[in-house]
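Some notes on the structure that comes next.
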Amino acid sequence: LDTGIDPGAIGLGSLPDHKGRKLVHVSDCTGSGDVDMSTESEAVYVQGKGWVIEKGGLFGREIVLNPALRLNPFPTAQTSKDSVGDDLVIVQDAQTRSEDENDRGNNFFEDDLTTSSPPMSTNDLTESSLPGGAPAYNVPGTKMPVRLGYKRAYELFPKKLADRVRSHHKTQFEDSQHQHAVTVRSQLSAWELKVSSSKSKKPTQEELREKEDLQARLDILEGMKFPEGDVLMEDPGPLYQLISFYDGAEYRVIVDTEGKGDLRNVPLDMALTDYYKEGKYGMFSSVDMCNYAVNLYDGGKVVSIVVDSSPHGSHVGGIAAAFFPPKEGEENEDDEGDAHGVAPGAKLVSLKIGDSRLGSMETGSALSRALIEAVKHKCDVINLSFGEGCVLPNRGRFIQLAEELVTKYGIVFVSSAGNNGPCLSTVGAPGGTSEALISVSAFVSQAMAQAMYSVRTKDSKTGEDLTAVGGSTYAWSSVGPTADGSVGVDLTAPGGAITCVPNWLLQKNQLMNGTSMSSPNVAGCIALLLSAAKAEGIKVTPARLKRAIMNSAKVMDGLSCLQQGSGMIQVAKAWEYLKNSKDDTCEDITYKVNIIDSPGQPRGVYLRQPEDVSVKQTFTVNVQALFASEDTVDIETQRKRVEFEMKFALQSTVSWVQAPDYLMLMNNGRSFKITIDPTKLDAGVHTAKILAYDSNAPESGPRFFVPITILKPLAENPSLALGKLEFAPSETKRYFLTVPKGASWMDVTIKDCRETKMDKDLSTRQLVVHTVQMLPHMAYRDAEAKRRMNLSPSQETVMSIPVHPGVTAELALARDWSAVGSPSIKVSVDFRGITVTPSTLTMLSGGGGARAQLSSNMRDEFILPSAKLTTWKTPISPVSEGLISPCDERDVLITGNKQIYQLVLTYEFEQKTSGNITPRAPALQGYLYESGFESQMMLVFDEDKRYLGAADSWPTEVNVAKGKACIRLQIRHDDVTKLEKLKDLSIWIERKLSKDIALSAYPTHNSMVASGPAFKRRSLRKGGSTTVFLKEPASSDLPTGCKCGDVLSGSTTFVDGGRNLAGLGKEPGGGFPVKFVVGNYLQKKDEKDTAAKTAELPDERSATVKMEEAIRSLKVGELNSLLEKSGDEAEAFEEVYKMFLTEYPNHIPLLMAGLKYYDHKDRREKSLSEVVDAADTVIDLVNEGDLAMHFGTSHDKEDPESCKEQKDMEEKKVFLIEALARKARAVGDISPEENGAFENALKHLSKWDTVDASNKKLAALVLQKFGKAQRLGSQLKLLNELLKNNGNDTKGGICPLTKIDLLEKRTEVLKNLNYSHLVDRNEKWKAISSPKDYAPF
């Protein structure tokens, strides 16, 4: 389970001795490569050409397929997929959040420990491969169904690859821009020469328009003057057309990587099917060098394009099982032996869990799908090098599924411990927190330092060792125990390697390090053990194997068990253990250990607080023997449970822990008491175990153990001097600090002890400073601080770190493994801060502000509040109750064959200005492995359904353009009742304020309400207290669009240390949170609302006339409502219109309805003459002379009759302008250029309205005008202006233009200009911007 393996990566292609392909299967479990193929079309066989799909391409082009392809009708009923072979046994996995840039995920790799290849269907698509009864081929006119879809490359490519391709495209684009700009500049020079050589030396109006047009072209080519956010400013990247079909045996897909549609020469074997069936893959282009494979689901309606989301997956797979065939001229395969993976004969199954939409972050749905696939493909070993800090260890839905995988299906599950050291309790989930998995830390030896990192290990002059002689774990390698006292780390293994990476990196191998690298090392070792066991006929369960490798591991000197677990894995000794214990059935038992009289029944004893380690305590340990999974009730397992009885000898590893000597254990478990006396321990970390040996076979090692960790803190002191510290290679010094009550931060002062003048060595000294506090229901990351320092001689630095009072804080100081030269430093800790009540300040709209009570228990402090609001959150509810539906075939749990369901909720909001938003779902986010739900995923779209971005457990910003937008939230679980409860779930839209809102602080409530004197800097004595009042922001300071119920949040600091305060100069971490809940505000009246009322004449019409005119208005209104209808209702318009016309032949509003009907975009092409006739009728009914005379004078605003006349004339003018404009458009489409009819129509219209780019309501006509005059630059300029608001400025005009209309028109103009590079961009963005449906989850 990882970021995916490149199927073409060197070293991952084949097995030794030519026994078949190494990479058995690749699958994108994230859904990020899914393509909706629900668009159906038809391919027609054309003699001498091939299979032709008319106008099926992305840009309306025809698609032509290889004539040798055998297309068949799609099956009427979907049949089940072929079962996979029994020898698919290798899985790959990954670890994110790594310390090193190269370590961004951990891959799964599983070893297929058999030598035969899985059965594969042939890729011969000729007639001989077809089943009986197949239709005839190569008959002209034969029609066969196909499905179409497309995928944007930048949605598939890893960021690093996308950036490289963008850079390549940018160079090409700029070259094209420059070449065209040279041409335009030449034309401008010619224009200048023509004007200067004329008699008048002055340009005519037509010549000025010519220059203006050339300048508009130049602005596009040199100034890139496109609207902000215009798609032409951005490289859309390659766009891939997909065509899927059924060949009579398999669903297949062809990927048109060039987008040209001519696929006649695409080889038959590039009609790809599920990768595991044939092992075929393709490459997009030589520019990207990116390989891809495919899988098809739901009867070919969904195609998954599998592309790795980072190099991490291939690298992890290489560590586990790479095999490099001998190069040409080499005699045997051992010539590349040093480069091979740990188990070069193992096969790999690559299950991609790193979502490309999230920068290779794993998701819950991907993890679940990966486990399903691992069972389906009969994997033996899983490697997972992904992980996150978790709130609750050994809890959550994924943990349950992983435990089932191990106990029920016998798959060994290995995972990375994490890259978050050196502090204790930094192991990540799931590897470091679940006992079903084998957790691995990262080790580096001197040999690795020399060979891989080119690091000096010894000073050649002094002989001093510069790295740890026996090796060490990396400083960033996570350390146990878990929050509930379990070990956290089971084993350690080499945490760095130079091995395979994807071809798109343009290199064969790469150095990466992390626990992501140590975990596959162990997985490869386990593959060797399982391979040997299979060869010898020894049955090995995950429980037996884990005990074998832990009891045979080598304890590495200088490392605690919290860093290395049981030690370095030893394959030979583990194999001996397995052979010696092969007949001991009790080796297959797993033992569950819990401290049952402690809250939460933790898996070990873990004491950190002063009150816990200052007394002697007794704990009750409960031990359960587990036989396979709990729901396994076959007769053999049940008899084992009944007959189980085992005698254990218990042994404590230290004198301060006492335990009984023996334990008789039966099924259903037993408990015993232990006593822990930490009172005489020194300050520091202390570990112990109670080991349980089989009384009859103690030599085999412990069967289970009870882990115990004691952290003895230093005595409470507001100021601590830790003294002068020297560090051996790789040494970590740990101090456990008792944080005094009233402290809110600590200043850690570090001074380099070398004297600048005396010391000739001026090189820096590397030091890692890390602090962690363990807080209930919070991950370690929520209360940690870390910094890497490079200290110069005599340098002094202060690190200000937020702390929680009363909670023990670990301060870890580490010399990194590769640091040359020992740091010599002095360290002191000073606790600072004030107590603020309440700790979170909330202001409700209404002027009440927020009151904060401050007290200082540590020392005298200066108080000067500084508060600001920085973010804006808006709650939104679903547009309708969410829909629950079953997910697809990938989402059926193996256990119980349970279907996973999805709840999809849709939210809509309006973005007032372009900018970034962060979608927040407080009920679901912040949890992953420990989450009670399988997953949640948010996809963000614009109003045209264009995909904008994604958000998951830890959402990041998504850029949203001005306008309407949509968020779709998917929540998954196999229990529908759980989803039902979330069908009306609200979420929040979070935005950063464009400008922080400063809040004023006052000393009293009265001064706050009356805007009296503000709070001034004052001294707060130790033991004293004071009060601060924060005033809510003025309504004028609130962001545009802010409404009642929105929340503005920020922070406030209170301490002002001035120049005397070390560190940041104020409280770290932003201070204390402050919130403002927005209320209702009185809306300012518009100027129109306050204007004087227009004088009106009394309505003297008779009741009969009023009714007749009301009926006429109703008829015209209903008729207008039919204008946008289609089908029978549209056809009814003309009939009804003609009927009404006999009643009201001179009623202009009715005539305008008819004009609009004939001029509608769906009908005007066939009705141009009707448009002209209808427009002329309206024009004839308007007396233009009277109209001109009226508007030539001003009317009396106080005379009712004059006001009525003004209103009537304005209405007639509007009708006249629209009729003239619609007529001009129609005439322009009908008449030849030379008869001047179009020009005359424009001149007529120009008497009443401007016909230029400033009049957006006539934009369609202006574009037509520019086009006929060949003013293509002006056309392009106007189109760009209209695209600023997506065509909304044309609404209410003669021809409203949508964003898609404008893009289509721009393509036409760019083609006329021969700007092919811009045409390519525009066409691609048009396709991307107008999908038929939302992108799949």
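The way I read the labels, and the way they are meant: chains A, B, ... in the order of the structure tokens, residue 1 as the first residue of every chain, and ligand 1 as the first ligand shown, with later ones counted on from there.
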
Just want the 7 Å neighbourhood of region 787-800 of chain A, counted on only C-alpha atoms, with same-chain residues fewer than 6 positions away dropped. Output as a list in words.
Trp745, Met746, Asp747, Val748, Thr749, Ile750, Lys751, Asp752, Cys753, Arg754, Glu755, Thr756, Leu762, Ser763, Thr764, Arg765, Gln766, Leu767, Val768, Val769, His770, Ala1062, Gly1063, Leu1064 and Pro1068 of chain A

Write out as a PyMOL selection string each polymer residue whose atoms come within 10 Å of region 1039-1051 of chain A, counting only C-alpha atoms; drop sequence neighbours fewer than 3 positions from it.
chain A and resi 840-845+866-876+910-913+988-999+1033+1035-1036+1069-1081

When you look at region 569-578 of chain A with a cut-off of 6 Å (counting only C-alpha atoms), what residues show up, excluding the ones that are within fewer than 4 positions of it in the same chain? I need them as a list in words.
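My reading of the contact set: Ala548, Ile549, Ser552, Ala553 and Lys582 of chain A.
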
Emit the selected residues as an mmCIF file, in the first residue's frame, including N, CA, C and O atoms.
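For reference, again04.cif as written:
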```
data_model
loop_
_atom_site.group_PDB
_atom_site.id
_atom_site.type_symbol
_atom_site.label_atom_id
_atom_site.label_comp_id
_atom_site.auth_asym_id
_atom_site.auth_seq_id
_atom_site.Cartn_x
_atom_site.Cartn_y
_atom_site.Cartn_z
ATOM 1 N N ALA A 548 8.691 -14.955 16.226
ATOM 2 C CA ALA A 548 9.987 -15.482 15.810
ATOM 3 C C ALA A 548 10.974 -14.349 15.536
ATOM 4 O O ALA A 548 12.129 -14.396 15.972
ATOM 5 N N ILE A 549 10.542 -13.334 14.813
ATOM 6 C CA ILE A 549 11.487 -12.265 14.462
ATOM 7 C C ILE A 549 11.789 -11.376 15.665
ATOM 8 O O ILE A 549 12.893 -10.833 15.773
ATOM 9 N N SER A 552 14.166 -13.323 18.107
ATOM 10 C CA SER A 552 15.489 -13.611 17.539
ATOM 11 C C SER A 552 16.239 -12.340 17.141
ATOM 12 O O SER A 552 17.366 -12.416 16.637
ATOM 13 N N ALA A 553 15.621 -11.185 17.353
ATOM 14 C CA ALA A 553 16.244 -9.930 16.934
ATOM 15 C C ALA A 553 17.487 -9.633 17.773
ATOM 16 O O ALA A 553 17.609 -10.047 18.924
ATOM 17 N N LYS A 582 8.307 -25.415 14.947
ATOM 18 C CA LYS A 582 7.268 -25.697 13.958
ATOM 19 C C LYS A 582 6.160 -26.607 14.482
ATOM 20 O O LYS A 582 5.028 -26.555 13.995
#
```

Could you tell me, as an NGL selection string, which residues of region 346-524 of chain A DSSP assigns to helix (DSSP H, G or I) when given the backbone?
:A and (356-358 or 364-376 or 397-409 or 446-451 or 503-505 or 515-524)

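Residues in contact with Gly848 (chain A) at 9 Å, where only C-alpha atoms are counted and same-chain residues fewer than 2 positions away are skipped, are listed as Met843, Leu844, Ser845, Gly846, Ala850, Arg851, His1005, Met1008, Val1009, Leu1030, Lys1031 and Glu1032 of chain A.
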
Output C-alpha atoms for every residue in the selection just made, as a PDB file, in the first residue's frame.
```pdb
ATOM      1  CA  MET A 843     -17.858  37.839  21.356  1.00  0.00           C
ATOM      2  CA  LEU A 844     -21.522  37.769  20.363  1.00  0.00           C
ATOM      3  CA  SER A 845     -22.736  40.563  18.128  1.00  0.00           C
ATOM      4  CA  GLY A 846     -24.470  43.248  20.108  1.00  0.00           C
ATOM      5  CA  ALA A 850     -15.368  39.805  25.484  1.00  0.00           C
ATOM      6  CA  ARG A 851     -14.066  39.926  29.044  1.00  0.00           C
ATOM      7  CA  HIS A1005     -16.704  47.648  30.319  1.00  0.00           C
ATOM      8  CA  MET A1008     -15.381  49.668  25.837  1.00  0.00           C
ATOM      9  CA  VAL A1009     -19.059  50.497  25.282  1.00  0.00           C
ATOM     10  CA  LEU A1030     -12.123  43.391  23.819  1.00  0.00           C
ATOM     11  CA  LYS A1031     -14.544  45.318  21.648  1.00  0.00           C
ATOM     12  CA  GLU A1032     -16.310  43.709  18.717  1.00  0.00           C
TER      13      GLU A1032
END
```

Give me the residues near Thr426 (chain A) as a ChimeraX atom specification, where near means some atom within 7 Å (using only C-alpha atoms) and where sequence neighbours in that chain fewer than 5 positions away do not count.
/A:420-421,478-480,780

Got time to write the residues from that selection, N, CA, C and O atoms, as a short mmCIF file (atom, residue, chain, number, x, y, z; two decimals), in the first residue's frame?
```cif
data_model
loop_
_atom_site.label_atom_id
_atom_site.label_comp_id
_atom_site.auth_asym_id
_atom_site.auth_seq_id
_atom_site.Cartn_x
_atom_site.Cartn_y
_atom_site.Cartn_z
N ASN A 420 8.94 11.13 13.35
CA ASN A 420 8.59 12.30 14.15
C ASN A 420 9.37 12.39 15.45
O ASN A 420 8.96 13.10 16.36
N GLY A 421 10.49 11.64 15.58
CA GLY A 421 11.32 11.72 16.77
C GLY A 421 12.07 13.03 16.83
O GLY A 421 11.90 13.91 15.98
N SER A 478 10.67 7.81 14.82
CA SER A 478 9.72 7.91 15.93
C SER A 478 10.06 6.92 17.04
O SER A 478 10.63 5.85 16.81
N VAL A 479 9.67 7.30 18.24
CA VAL A 479 10.03 6.55 19.45
C VAL A 479 8.76 6.20 20.20
O VAL A 479 7.79 6.98 20.22
N GLY A 480 8.75 5.01 20.84
CA GLY A 480 7.62 4.61 21.67
C GLY A 480 7.69 5.26 23.03
O GLY A 480 8.55 6.10 23.29
N TYR A 780 0.09 13.72 19.48
CA TYR A 780 1.32 14.38 19.93
C TYR A 780 1.60 15.64 19.13
O TYR A 780 2.15 16.62 19.65
#
```

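Taking CA of Thr273 (chain A) and CA of Glu934 (chain A) as endpoints, the distance between them is 29.0 Å.
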
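With only C-alpha atoms as the atoms that count, the residue of A:Gly1192, A:Pro145, A:Gly279, A:Pro1336 with the shortest distance to Leu939 (chain A) is A:Pro1336.
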
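Here CA of Ser1007 (chain A) is placed at a distance of 11.4 Å from CA of Gly849 (chain A).
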
Can you list, as a VMD selection string, every protein, DNA or RNA residue that comes within 7 Å of Val302 (chain A) when you count only C-alpha atoms, leaving out same-chain residues fewer than 3 positions away?
chain A and resid 34 to 37 296 to 298

Quick one, how far is CA of Lys49 (chain A) from CA of Glu1308 (chain A)?
28.6 Å

Ranking A:Ala343, A:Ala1153, A:Asn1280, A:Asn1314 by minimum distance to Met224 (chain A) and counting only C-alpha atoms, which one comes first?
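Of A:Ala343, A:Ala1153, A:Asn1280, A:Asn1314, the one nearest Met224 (chain A) is A:Asn1280, counting only C-alpha atoms.
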
Taking the backbone alone, and naming residues the way the document does, which bits of region 552-717 of chain A are strand (DSSP E) by DSSP, as a PyMOL selection string?
chain A and resi 590-595+605-607+617-626+645-652+657-658+662-666+670-676+684-694+702-712

Put those residues in a file: C-alpha atoms, as a short mmCIF file (atom, residue, chain, number, x, y, z; two decimals), in the first residue's frame.
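Heads up, here's the output in result-v6.cif:
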```
data_model
loop_
_atom_site.label_atom_id
_atom_site.label_comp_id
_atom_site.auth_asym_id
_atom_site.auth_seq_id
_atom_site.Cartn_x
_atom_site.Cartn_y
_atom_site.Cartn_z
CA THR A 590 -1.82 -14.08 20.06
CA TYR A 591 -1.93 -12.70 23.58
CA LYS A 592 -3.91 -9.58 24.36
CA VAL A 593 -2.60 -7.65 27.38
CA ASN A 594 -4.57 -4.90 29.13
CA ILE A 595 -4.29 -3.00 32.41
CA VAL A 605 1.77 0.99 32.16
CA TYR A 606 2.83 4.48 31.19
CA LEU A 607 3.38 7.03 33.97
CA GLN A 617 1.16 1.64 42.81
CA THR A 618 -0.47 -1.71 42.08
CA PHE A 619 -2.01 -2.55 38.70
CA THR A 620 -4.15 -5.44 37.46
CA VAL A 621 -2.97 -7.10 34.25
CA ASN A 622 -5.43 -9.13 32.20
CA VAL A 623 -4.18 -11.56 29.56
CA GLN A 624 -6.37 -13.09 26.85
CA ALA A 625 -5.29 -15.89 24.50
CA LEU A 626 -6.67 -15.30 20.99
CA GLU A 645 -4.16 -24.40 29.23
CA MET A 646 -0.68 -22.99 29.50
CA LYS A 647 1.75 -22.43 32.37
CA PHE A 648 3.79 -19.27 32.26
CA ALA A 649 6.80 -18.22 34.27
CA LEU A 650 6.66 -14.45 34.85
CA GLN A 651 9.86 -12.46 35.16
CA SER A 652 10.37 -8.76 35.80
CA VAL A 657 8.61 -3.84 39.35
CA GLN A 658 7.31 -6.92 41.15
CA TYR A 662 3.70 -18.01 37.64
CA LEU A 663 0.46 -17.71 35.72
CA MET A 664 -1.84 -20.52 34.62
CA LEU A 665 -3.69 -19.21 31.58
CA MET A 666 -6.87 -20.69 30.08
CA ARG A 670 -6.91 -14.41 33.58
CA SER A 671 -5.60 -11.47 35.58
CA PHE A 672 -2.72 -10.89 37.96
CA LYS A 673 -1.40 -8.01 40.04
CA ILE A 674 1.89 -6.16 39.59
CA THR A 675 3.47 -3.55 41.84
CA ILE A 676 5.52 -0.61 40.57
CA GLY A 684 14.66 10.52 33.34
CA VAL A 685 13.05 7.72 31.39
CA HIS A 686 12.91 4.17 32.78
CA THR A 687 11.58 1.09 31.03
CA ALA A 688 10.75 -2.38 32.22
CA LYS A 689 8.93 -5.49 31.05
CA ILE A 690 7.26 -8.41 32.70
CA LEU A 691 8.21 -11.32 30.45
CA ALA A 692 6.01 -14.40 30.24
CA TYR A 693 7.87 -17.62 29.29
CA ASP A 694 6.36 -20.98 28.51
CA PRO A 702 8.82 -14.79 25.93
CA ARG A 703 5.35 -15.53 24.58
CA PHE A 704 4.06 -12.14 25.69
CA PHE A 705 5.17 -9.26 27.87
CA VAL A 706 3.75 -6.33 29.82
CA PRO A 707 5.51 -3.06 28.84
CA ILE A 708 6.17 -0.45 31.54
CA THR A 709 7.48 3.08 30.96
CA ILE A 710 8.17 5.60 33.73
CA LEU A 711 9.10 9.23 33.06
CA LYS A 712 10.51 10.82 36.18
#
```

Of the candidates A:Arg369, A:Lys347, A:Arg264, A:Arg252, which one gets nearest to Val294 (chain A) if we count only C-alpha atoms?
A:Arg252

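Closest approach to Ile967 (chain A) from the set A:Cys29, A:Leu1261, A:Val836, A:Ala921 is made by A:Ala921, with distances taken over only C-alpha atoms.
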
Find the residues near Val958 (chain A): any atom within 6 Å, counting only C-alpha atoms, skip ones fewer than 5 places away on the same chain, and give them as a list of chain:residue names.
A:Asn916, A:Ile917, A:Gly949
